[in-house]
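Read the structure below first, then the notes.
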Amino acid sequence: MKRMFMDASKVLKDHRFKIDEKKYRGYRVNHFCVDYRSEKLVRRIRGEYYTITFDYISLHQKSKMIKRELIKILKVLFKDLKTTDPLIIGLGNSSILCDSLGVSTTNKVMATNHFTDFLNIPKVALFNPQVIEKTGISSFSLIEMVVRKLKPSVIIMIDSLATNQKEYLNNSIEINNTGIIPGSAIKDNKKIDGNTFGIPVIAIGVPLVLELGKNMYTTPNVGEVIDIASSIIGEALNDLFF
């Protein structure tokens, strides 16, 4: 589980970072850009950050519209990237509900890497490294082995997030091109970004845990949120590639 990529509450009112904001009934889309001048100020790595924030009703009733917004964002991030051989990684522990977004999402994405070359479609590979408690091997090491073998053109990492802002719990999808640390609670794990393997990295997450001090909380409906959010992300990736 990873801490929220962009604590949007700190920069929403600061137009030095916000590039664009679109408001719709029930949800909004924010785009932030952190450059070398602002990365120390907001304590975030330079790159592009997007947040789709929605209310509970819109998550149910407007999931198709939220999916379309996610596709638009991914198309912008993929604009100058080669996406013929994507590797989609579902991070987290599938045995812990609030940490199972990654695996729930990859279960809804079509894998095509095993198809023969006559099909003119992207060769999508899926991988769920689980957590070190289950495998005895760090997520980074497992991902490294798969990347070295497959040599994907782009890596997409999906993970459950933790936030200390209650208003974002279960209510947003975050996307960036700055990478992520799989199993960030393990101190020896390493960050995976565009420099790690020389491959572009896109990270997608949903805040599913509220972190207050040393305590972490979730909600009774987290399973419902994961089911809908993973469908939105999974279907967006299928639509994007196929």
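Residues are referred to by chain and number: the chain letter is A, B, ... according to the order shown in the structure tokens, the number counts from 1 in that chain, and ligands are numbered separately from 1 in the order shown.
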Quiz item: Skipping near chain neighbours, those fewer than 5 positions away, what residues fall within 6 Å of Arg28 in chain A using only C-alpha atoms, listed as a ChimeraX atom specification?
Solution: /A:22-23,52-53
Write out the residues from the selection above, keeping C-alpha atoms, as a PDB file, in the first residue's frame.
ATOM      1  CA  LYS A  22     -12.803  20.486 -14.946  1.00  0.00           C
ATOM      2  CA  LYS A  23     -15.941  20.344 -12.838  1.00  0.00           C
ATOM      3  CA  ILE A  52     -10.437  12.316 -10.619  1.00  0.00           C
ATOM      4  CA  THR A  53     -12.514  13.069  -7.517  1.00  0.00           C
TER       5      THR A  53
END
Quiz item: Contacts of range 225-233 of chain A at 6 Å or less, counting only C-alpha atoms, minus same-chain residues fewer than 4 places along, as a VMD selection string?
Solution: chain A and resid 67 101 104 to 105
Would you give me, as a PDB file with N, CA and C atoms, in the first residue's frame, the residues in range 99-231 of chain A that DSSP reads as strand (DSSP E)?
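Full text of result06.pdb as output:
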ATOM      1  N   ALA A 125       0.813  -7.835 -21.083  1.00  0.00           N
ATOM      2  CA  ALA A 125       1.186  -8.825 -20.071  1.00  0.00           C
ATOM      3  C   ALA A 125       0.728  -8.337 -18.705  1.00  0.00           C
ATOM      4  N   LEU A 126       0.265  -9.257 -17.869  1.00  0.00           N
ATOM      5  CA  LEU A 126      -0.230  -8.927 -16.533  1.00  0.00           C
ATOM      6  C   LEU A 126       0.617  -9.642 -15.489  1.00  0.00           C
ATOM      7  N   PHE A 127       0.868  -8.964 -14.371  1.00  0.00           N
ATOM      8  CA  PHE A 127       1.674  -9.586 -13.328  1.00  0.00           C
ATOM      9  C   PHE A 127       1.243  -9.073 -11.958  1.00  0.00           C
ATOM     10  N   VAL A 154       6.195  -0.159 -21.862  1.00  0.00           N
ATOM     11  CA  VAL A 154       5.707   0.746 -20.819  1.00  0.00           C
ATOM     12  C   VAL A 154       5.200  -0.114 -19.653  1.00  0.00           C
ATOM     13  N   ILE A 155       5.333   0.414 -18.443  1.00  0.00           N
ATOM     14  CA  ILE A 155       4.858  -0.287 -17.252  1.00  0.00           C
ATOM     15  C   ILE A 155       3.717   0.517 -16.644  1.00  0.00           C
ATOM     16  N   ILE A 156       2.616  -0.159 -16.329  1.00  0.00           N
ATOM     17  CA  ILE A 156       1.480   0.469 -15.665  1.00  0.00           C
ATOM     18  C   ILE A 156       1.300  -0.232 -14.326  1.00  0.00           C
ATOM     19  N   MET A 157       1.397   0.534 -13.240  1.00  0.00           N
ATOM     20  CA  MET A 157       1.323  -0.047 -11.908  1.00  0.00           C
ATOM     21  C   MET A 157       0.056   0.432 -11.207  1.00  0.00           C
ATOM     22  N   ILE A 158      -0.690  -0.512 -10.629  1.00  0.00           N
ATOM     23  CA  ILE A 158      -1.968  -0.197  -9.989  1.00  0.00           C
ATOM     24  C   ILE A 158      -1.889  -0.621  -8.527  1.00  0.00           C
ATOM     25  N   ASP A 159      -2.290   0.280  -7.621  1.00  0.00           N
ATOM     26  CA  ASP A 159      -2.130  -0.013  -6.207  1.00  0.00           C
ATOM     27  C   ASP A 159      -3.203   0.675  -5.376  1.00  0.00           C
ATOM     28  N   SER A 160      -3.499   0.079  -4.221  1.00  0.00           N
ATOM     29  CA  SER A 160      -4.323   0.748  -3.210  1.00  0.00           C
ATOM     30  C   SER A 160      -3.471   1.815  -2.538  1.00  0.00           C
ATOM     31  N   LEU A 161      -4.102   2.920  -2.162  1.00  0.00           N
ATOM     32  CA  LEU A 161      -3.368   4.027  -1.555  1.00  0.00           C
ATOM     33  C   LEU A 161      -3.849   4.294  -0.138  1.00  0.00           C
ATOM     34  N   ALA A 162      -2.995   4.960   0.623  1.00  0.00           N
ATOM     35  CA  ALA A 162      -3.379   5.471   1.935  1.00  0.00           C
ATOM     36  C   ALA A 162      -3.378   6.982   1.868  1.00  0.00           C
ATOM     37  N   THR A 163      -4.304   7.620   2.544  1.00  0.00           N
ATOM     38  CA  THR A 163      -4.393   9.072   2.578  1.00  0.00           C
ATOM     39  C   THR A 163      -4.626   9.547   3.999  1.00  0.00           C
ATOM     40  N   SER A 172     -11.552   8.989  -5.005  1.00  0.00           N
ATOM     41  CA  SER A 172     -10.727   9.531  -6.085  1.00  0.00           C
ATOM     42  C   SER A 172      -9.893   8.435  -6.744  1.00  0.00           C
ATOM     43  N   ILE A 173      -9.517   8.711  -7.985  1.00  0.00           N
ATOM     44  CA  ILE A 173      -8.556   7.900  -8.724  1.00  0.00           C
ATOM     45  C   ILE A 173      -7.401   8.820  -9.055  1.00  0.00           C
ATOM     46  N   GLU A 174      -6.183   8.386  -8.752  1.00  0.00           N
ATOM     47  CA  GLU A 174      -5.012   9.212  -8.993  1.00  0.00           C
ATOM     48  C   GLU A 174      -4.110   8.553 -10.028  1.00  0.00           C
ATOM     49  N   ILE A 175      -3.582   9.376 -10.913  1.00  0.00           N
ATOM     50  CA  ILE A 175      -2.741   8.897 -12.000  1.00  0.00           C
ATOM     51  C   ILE A 175      -1.516   9.791 -12.099  1.00  0.00           C
ATOM     52  N   ASN A 176      -0.336   9.199 -12.275  1.00  0.00           N
ATOM     53  CA  ASN A 176       0.852  10.026 -12.500  1.00  0.00           C
ATOM     54  C   ASN A 176       1.847   9.283 -13.373  1.00  0.00           C
ATOM     55  N   VAL A 201       6.902   4.704 -16.822  1.00  0.00           N
ATOM     56  CA  VAL A 201       6.034   4.107 -15.799  1.00  0.00           C
ATOM     57  C   VAL A 201       4.837   5.017 -15.550  1.00  0.00           C
ATOM     58  N   ILE A 202       3.651   4.440 -15.583  1.00  0.00           N
ATOM     59  CA  ILE A 202       2.414   5.128 -15.223  1.00  0.00           C
ATOM     60  C   ILE A 202       1.858   4.457 -13.974  1.00  0.00           C
ATOM     61  N   ALA A 203       1.482   5.244 -12.978  1.00  0.00           N
ATOM     62  CA  ALA A 203       0.925   4.699 -11.740  1.00  0.00           C
ATOM     63  C   ALA A 203      -0.526   5.131 -11.587  1.00  0.00           C
ATOM     64  N   ILE A 204      -1.370   4.197 -11.169  1.00  0.00           N
ATOM     65  CA  ILE A 204      -2.795   4.468 -10.951  1.00  0.00           C
ATOM     66  C   ILE A 204      -3.168   3.926  -9.573  1.00  0.00           C
ATOM     67  N   GLY A 205      -3.882   4.731  -8.788  1.00  0.00           N
ATOM     68  CA  GLY A 205      -4.261   4.263  -7.458  1.00  0.00           C
ATOM     69  C   GLY A 205      -5.553   4.874  -6.965  1.00  0.00           C
ATOM     70  N   VAL A 206      -6.113   4.240  -5.939  1.00  0.00           N
ATOM     71  CA  VAL A 206      -7.335   4.720  -5.287  1.00  0.00           C
ATOM     72  C   VAL A 206      -7.076   4.721  -3.779  1.00  0.00           C
ATOM     73  N   PRO A 207      -7.300   5.845  -3.091  1.00  0.00           N
ATOM     74  CA  PRO A 207      -7.131   5.877  -1.629  1.00  0.00           C
ATOM     75  C   PRO A 207      -8.226   5.057  -0.953  1.00  0.00           C
ATOM     76  N   LEU A 208      -7.820   3.961  -0.322  1.00  0.00           N
ATOM     77  CA  LEU A 208      -8.777   3.043   0.294  1.00  0.00           C
ATOM     78  C   LEU A 208      -8.573   2.910   1.797  1.00  0.00           C
ATOM     79  N   VAL A 209      -7.553   3.566   2.323  1.00  0.00           N
ATOM     80  CA  VAL A 209      -7.248   3.521   3.749  1.00  0.00           C
ATOM     81  C   VAL A 209      -6.970   4.937   4.237  1.00  0.00           C
ATOM     82  N   LEU A 210      -7.522   5.268   5.415  1.00  0.00           N
ATOM     83  CA  LEU A 210      -7.274   6.560   6.050  1.00  0.00           C
ATOM     84  C   LEU A 210      -6.177   6.373   7.097  1.00  0.00           C
ATOM     85  N   GLU A 211      -5.101   7.108   6.938  1.00  0.00           N
ATOM     86  CA  GLU A 211      -3.967   7.004   7.844  1.00  0.00           C
ATOM     87  C   GLU A 211      -3.955   8.192   8.799  1.00  0.00           C
ATOM     88  N   LEU A 212      -4.147   7.911  10.072  1.00  0.00           N
ATOM     89  CA  LEU A 212      -4.144   8.952  11.100  1.00  0.00           C
ATOM     90  C   LEU A 212      -3.119   8.562  12.164  1.00  0.00           C
ATOM     91  N   ASN A 215      -2.276   4.835  13.181  1.00  0.00           N
ATOM     92  CA  ASN A 215      -3.452   4.003  12.943  1.00  0.00           C
ATOM     93  C   ASN A 215      -3.947   4.143  11.515  1.00  0.00           C
ATOM     94  N   MET A 216      -4.529   3.051  10.998  1.00  0.00           N
ATOM     95  CA  MET A 216      -5.082   3.054   9.651  1.00  0.00           C
ATOM     96  C   MET A 216      -6.509   2.527   9.705  1.00  0.00           C
ATOM     97  N   TYR A 217      -7.390   3.193   8.979  1.00  0.00           N
ATOM     98  CA  TYR A 217      -8.808   2.861   9.016  1.00  0.00           C
ATOM     99  C   TYR A 217      -9.331   2.662   7.594  1.00  0.00           C
TER     100      TYR A 217
END
Quiz item: Just how far from CA of Thr178 in chain A is CA of Phe241 in chain A, in Å to one decimal?
Solution: 21.3 Å
Quiz prompt | From A:Ile180, A:Leu59, A:Met110, A:Val76, residue lying nearest Glu235 in chain A [only C-alpha atoms] | solution =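 Closest residue, counting only C-alpha atoms: A:Met110.
Across A:Thr218, A:Gln61, A:Asn30, A:Ser95, the tightest approach to Asn164 in chain A is made by A:Thr218 when counting only C-alpha atoms.
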Quiz item: Please, what distance in Å, to one decimal, runs between CA of Arg46 in chain A and CA of Pro86 in chain A?
Solution: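 Distance between the two atoms: 23.0 Å.
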Self-check item: Distance criterion (only C-alpha atoms): nearest to Lys149 in chain A out of A:Leu87, A:Leu237, A:Ile45, A:Ile71
Solution: A:Leu87
Self-check item: Top pick for closest residue to Tyr49 in chain A, considering A:Gly179, A:Gly90, A:Gly26, A:Pro122 and counting only C-alpha atoms
Solution: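 The answer is A:Gly179, which sits nearest to Tyr49 in chain A.
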Exercise. Select, from A:Thr84, A:Asn120, A:Ser139, A:Gln130, the residue with the minimum atom-to-atom distance to Val103 in chain A, counting only C-alpha atoms.
Key: A:Gln130
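Compared by their closest atoms to Asn238 in chain A, and using only C-alpha atoms, the residues A:His114, A:Lys214, A:Lys82, A:Lys108 rank with A:Lys108 nearest.
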Quiz prompt | Secondary structure check, alpha helix (DSSP H) residues of range 72-131 of chain A, as a list of chain:residue names | solution =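 Output for range 72-131 of chain A, alpha helix (DSSP H) only: A:Lys72, A:Ile73, A:Leu74, A:Lys75, A:Val76, A:Leu77, A:Phe78, A:Leu101, A:Gly102, A:Val103, A:Ser104, A:Thr105, A:Thr106.
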Deliver the residues from the most recent selection as a file, using N, CA and C atoms, as a compact mmCIF listing (two decimals), in the first residue's frame.
# COMPACT_ATOMS: atom_id res chain seq x y z
N LYS A 72 -9.08 9.53 -21.29
CA LYS A 72 -8.52 10.78 -21.81
C LYS A 72 -7.17 11.07 -21.17
N ILE A 73 -7.09 10.89 -19.86
CA ILE A 73 -5.84 11.15 -19.14
C ILE A 73 -4.74 10.20 -19.61
N LEU A 74 -5.07 8.92 -19.70
CA LEU A 74 -4.07 7.94 -20.12
C LEU A 74 -3.60 8.19 -21.55
N LYS A 75 -4.50 8.64 -22.41
CA LYS A 75 -4.11 8.96 -23.79
C LYS A 75 -3.11 10.10 -23.81
N VAL A 76 -3.30 11.08 -22.93
CA VAL A 76 -2.35 12.20 -22.85
C VAL A 76 -1.00 11.71 -22.36
N LEU A 77 -1.00 10.88 -21.32
CA LEU A 77 0.26 10.37 -20.77
C LEU A 77 0.95 9.41 -21.74
N PHE A 78 0.17 8.70 -22.55
CA PHE A 78 0.73 7.75 -23.51
C PHE A 78 1.08 8.39 -24.85
N LEU A 101 -6.79 -3.77 -4.59
CA LEU A 101 -7.21 -3.08 -5.82
C LEU A 101 -6.41 -3.53 -7.03
N GLY A 102 -5.08 -3.65 -6.87
CA GLY A 102 -4.23 -4.00 -8.00
C GLY A 102 -4.61 -5.33 -8.62
N VAL A 103 -4.74 -6.35 -7.79
CA VAL A 103 -5.09 -7.68 -8.29
C VAL A 103 -6.51 -7.70 -8.84
N SER A 104 -7.42 -7.00 -8.17
CA SER A 104 -8.82 -6.94 -8.65
C SER A 104 -8.89 -6.31 -10.04
N THR A 105 -8.00 -5.35 -10.29
CA THR A 105 -7.99 -4.68 -11.59
C THR A 105 -7.40 -5.56 -12.67
N THR A 106 -6.26 -6.18 -12.41
CA THR A 106 -5.65 -7.02 -13.44
C THR A 106 -6.53 -8.21 -13.80
